[in-house]
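Trainee: Input: one structure, supplied below.
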Amino acid sequence: MTPLHPKPRLVATDVDGTLIDASEKVSPRTKAAVGALVADGATFVLATGRPPRWIDPVVSELGYAPLAVCGNGAVIYDSATDRVLSSHALDVETLAWLAEIAEHALPGCGLATERVGASAHDAATPQFVSSPTYEHAWLNPDDTVVSHAEVIASPAIKMLIRLRSARSSAMRAALAPLVGDRAEITYSTENGLIEVAVPGVTKASGLAEVARRIGVEENSIVAFGDMPNDVPMLTMAGHGVAMGNAHQEAREAADEVTASNVDHGVAVVLERWWR
């Protein structure tokens with residue numbers, strides 16, 4: 001493929017399965033490509049399902065503190081100043097409604113909610129709370145186990161619904177007709193976990209907010225991703241790139257497929273403009 005012209009003004013990348021490898025490392029090649037684009041005056045943004053408190057390790061790997069679209073678009077976080085710039089939260093009434101629907105449609109599921117404060121480690125806000133029946137899909141040392149009622153007692157940037165015995169795609173298919181347009185449903189693993197957010201809040205909406213802040217048109221954006229939660233961002237960007245290891249939904253939404261995350265797929269594309 002020939003390089004896009006002009007150079008992208010904004011580059012956004014998912015983190016897990018995209019920017020980092022299975023050891024949560026950024027390869028030297030990818031780090032160099034990101035450094036070159038930043039030195040050239042382009043903007044580099046993380047766009048991830050991770051909450052702000054899980055951004056520090058990525059910053060350490062990059063050696064650069066970018067803006068981050070966190071929580072699948074629900075939060076804009078400035079990692080350089082440790083400030084949450086904006087957030088979109090599900091209200092308590094909606095959380096209660098979602099919990100009732102989920103527990104009826106997906107018997108045996110566990111619930112958790114992700115909250116956000118003024119900074120990544122805001123001690124005034126218990127940031128991840130889960131019910132006693134919630135089983136983690138990955139290690140989460142930040143979990144606070146509370147009663148079922150407490151899980152949905154405060155606004156949250158997303159609700160996590162976990163059913164270990166199910167596939168995430170099947171869970172989404174079961175809930176989507178019941179939820180309709182009252183919430184956004186996505187997933188970043190097929191391991192029985194779906195994530196629910198404010199209607200219209202996706203990585204695309206978060207990235208669009210960043211683009212407005214810095215005065216960049218969407219056709220000047222290149223975005224990278226690997227899972228269904230990346231699809232809105234891949235389709236809104238001027239050029240969407242799926243990783244070689246990507247889920248089929250991401251591959252179908254993208255303009256091209258690059259190498260896998262362990263084969264420096266992000267760098268392969270960025271090096272068309274920056275070396």
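Chain lettering (A, B, ...) mirrors the order of the structure tokens, residue numbering begins at 1 for each chain separately, and ligand numbering begins at 1 in order of display.
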Could you give me, as JSON lines, every region 38-111 of chain A residue with an atom at most 8 Å from region 10-34 of chain A, plus its closest atom pair and distance in Å to one decimal, counting only C-alpha atoms, rows ordered by chain then number?
Mentor:
```
{"residue": "A:Val38", "atom": "CA", "partner": "A:Val34", "partner_atom": "CA", "distance": 6.3}
{"residue": "A:Ala42", "atom": "CA", "partner": "A:Leu10", "partner_atom": "CA", "distance": 5.8}
{"residue": "A:Thr43", "atom": "CA", "partner": "A:Leu10", "partner_atom": "CA", "distance": 4.7}
{"residue": "A:Phe44", "atom": "CA", "partner": "A:Val11", "partner_atom": "CA", "distance": 5.0}
{"residue": "A:Val45", "atom": "CA", "partner": "A:Ala12", "partner_atom": "CA", "distance": 4.6}
{"residue": "A:Leu46", "atom": "CA", "partner": "A:Thr13", "partner_atom": "CA", "distance": 5.2}
{"residue": "A:Ala47", "atom": "CA", "partner": "A:Asp14", "partner_atom": "CA", "distance": 4.8}
{"residue": "A:Thr48", "atom": "CA", "partner": "A:Asp14", "partner_atom": "CA", "distance": 5.0}
{"residue": "A:Val58", "atom": "CA", "partner": "A:Val26", "partner_atom": "CA", "distance": 7.9}
{"residue": "A:Glu61", "atom": "CA", "partner": "A:Val26", "partner_atom": "CA", "distance": 5.8}
{"residue": "A:Leu62", "atom": "CA", "partner": "A:Lys31", "partner_atom": "CA", "distance": 5.7}
```
Trainee: Could you give me, as a ChimeraX atom specification, the residues within 7 Å of region 85-90 of chain A, counting only C-alpha atoms and dropping anything in the same chain fewer than 5 positions from it?
Mentor: /A:74-78,95,155-158,197-198
Trainee: Choose the residue, out of A:Ser60, A:Ser220, A:Asn72, A:Thr258, that has the smallest atom-to-atom separation from Ser188 (chain A); count only C-alpha atoms.
Mentor: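 Smallest distance to Ser188 (chain A) is found for A:Asn72.
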Trainee: What are the DSSP helix (DSSP H, G or I) residues of region 27-189 of chain A, as a ChimeraX atom specification?
Mentor: /A:28-39,52-54,56-62,71-73,92-105,148-151,168-182
Trainee: Show me, as a list of chain:residue names, the residues that have an atom within 6 Å of Ser79 (chain A) when counting only C-alpha atoms, minus same-chain residues fewer than 6 positions from it.
Mentor: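 Result of the neighbour search: A:Ala65, A:Pro66, A:Leu67.
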Trainee: Using Å and a single decimal, report how far CA of Glu184 (chain A) sits from CA of Pro199 (chain A).
Mentor: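 CA of Pro199 (chain A) sits 4.9 Å away from CA of Glu184 (chain A).
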Trainee: From a backbone DSSP assignment, name each residue in region 169-264 of chain A labelled strand (DSSP E), as a list in words.
Mentor: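 Put together, the selection reads Glu184, Ile185, Thr186, Leu193, Ile194, Glu195, Val196, Ala197, Ile221, Val222, Ala223, Phe224, Gly225, His239, Gly240, Val241, Ala242, Glu256 and Val257 of chain A.
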Trainee: Any idea what the distance is between CA of Val146 (chain A) and CA of Leu111 (chain A)?
Mentor: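 CA of Leu111 (chain A) lies 10.6 Å from CA of Val146 (chain A).
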Trainee: Please provide as a ChimeraX atom specification all residues within 12 Å of region 133-143 of chain A, with the sequence filter that same-chain residues fewer than 2 positions apart are discarded (counting only C-alpha atoms).
Mentor: /A:50-51,53-54,103,107-115,121,123,125-131,145-148,151,159-168,187-194
Trainee: How about saving the chosen residues, C-alpha atoms kept, as a compact mmCIF listing (two decimals), in the first residue's frame?
Mentor:
```
# COMPACT_ATOMS: atom_id res chain seq x y z
CA ARG A 50 -8.59 0.48 30.56
CA PRO A 51 -9.43 2.97 33.31
CA ARG A 53 -5.37 4.03 36.87
CA TRP A 54 -4.08 1.39 34.41
CA GLU A 103 -29.51 -10.97 35.82
CA PRO A 107 -28.63 -16.16 34.99
CA GLY A 108 -25.64 -16.54 37.28
CA CYS A 109 -23.80 -13.48 35.98
CA GLY A 110 -21.76 -11.25 38.29
CA LEU A 111 -21.75 -7.46 38.17
CA ALA A 112 -19.13 -4.81 38.71
CA THR A 113 -18.89 -1.09 38.04
CA GLU A 114 -16.02 1.20 37.16
CA ARG A 115 -16.05 4.70 38.65
CA HIS A 121 -5.82 7.25 41.80
CA ALA A 123 -8.61 8.01 46.97
CA THR A 125 -13.58 7.36 44.93
CA PRO A 126 -13.57 3.52 45.24
CA GLN A 127 -12.92 3.03 41.56
CA PHE A 128 -13.79 -0.61 40.91
CA VAL A 129 -16.48 -2.32 42.94
CA SER A 130 -17.89 -5.79 42.37
CA SER A 131 -20.55 -8.05 43.78
CA VAL A 145 -16.00 -6.38 46.89
CA VAL A 146 -19.26 -4.85 48.10
CA SER A 147 -22.90 -5.79 48.34
CA HIS A 148 -24.98 -6.09 45.20
CA VAL A 151 -22.32 -1.96 43.09
CA MET A 159 -20.93 -1.68 34.13
CA LEU A 160 -19.14 -4.99 33.65
CA ILE A 161 -21.21 -8.13 33.32
CA ARG A 162 -19.36 -11.43 33.74
CA LEU A 163 -20.56 -14.93 32.97
CA ARG A 164 -17.63 -17.30 32.92
CA SER A 165 -19.45 -20.07 31.06
CA ALA A 166 -20.49 -17.85 28.12
CA ARG A 167 -18.86 -16.17 25.16
CA SER A 168 -18.94 -12.39 25.23
CA TYR A 187 -16.55 -6.31 24.65
CA SER A 188 -12.77 -6.61 24.43
CA THR A 189 -12.42 -10.34 25.18
CA GLU A 190 -14.51 -13.38 24.27
CA ASN A 191 -14.00 -14.70 27.81
CA GLY A 192 -17.52 -14.08 29.10
CA LEU A 193 -17.29 -10.35 29.80
CA ILE A 194 -19.27 -7.47 28.33
```
Trainee: Tell me which protein, DNA and RNA residues are within 7 Å of Leu234 (chain A), counting only C-alpha atoms, leaving out same-chain ones fewer than 6 positions away, and put them as a VMD selection string.
Mentor: chain A and resid 223 to 224 240 to 241 253 to 254
Trainee: Output C-alpha atoms for every residue in the selection just made, as a PDB file, in the first residue's frame.
Mentor:
```
ATOM      1  CA  ALA A 223      -6.512   4.453  14.430  1.00  0.00           C
ATOM      2  CA  PHE A 224      -5.359   0.964  15.432  1.00  0.00           C
ATOM      3  CA  GLY A 240      -8.611   2.366  10.421  1.00  0.00           C
ATOM      4  CA  VAL A 241      -6.028  -0.375  10.923  1.00  0.00           C
ATOM      5  CA  ALA A 253     -14.330  -2.651   9.955  1.00  0.00           C
ATOM      6  CA  ALA A 254     -10.762  -1.637   9.131  1.00  0.00           C
TER       7      ALA A 254
END
```
Trainee: Looking at only C-alpha atoms, which of A:Ala259, A:Ala211, A:Ile101, A:Val116 is the one that sits closest to Gly180 (chain A)?
Mentor: A:Ile101
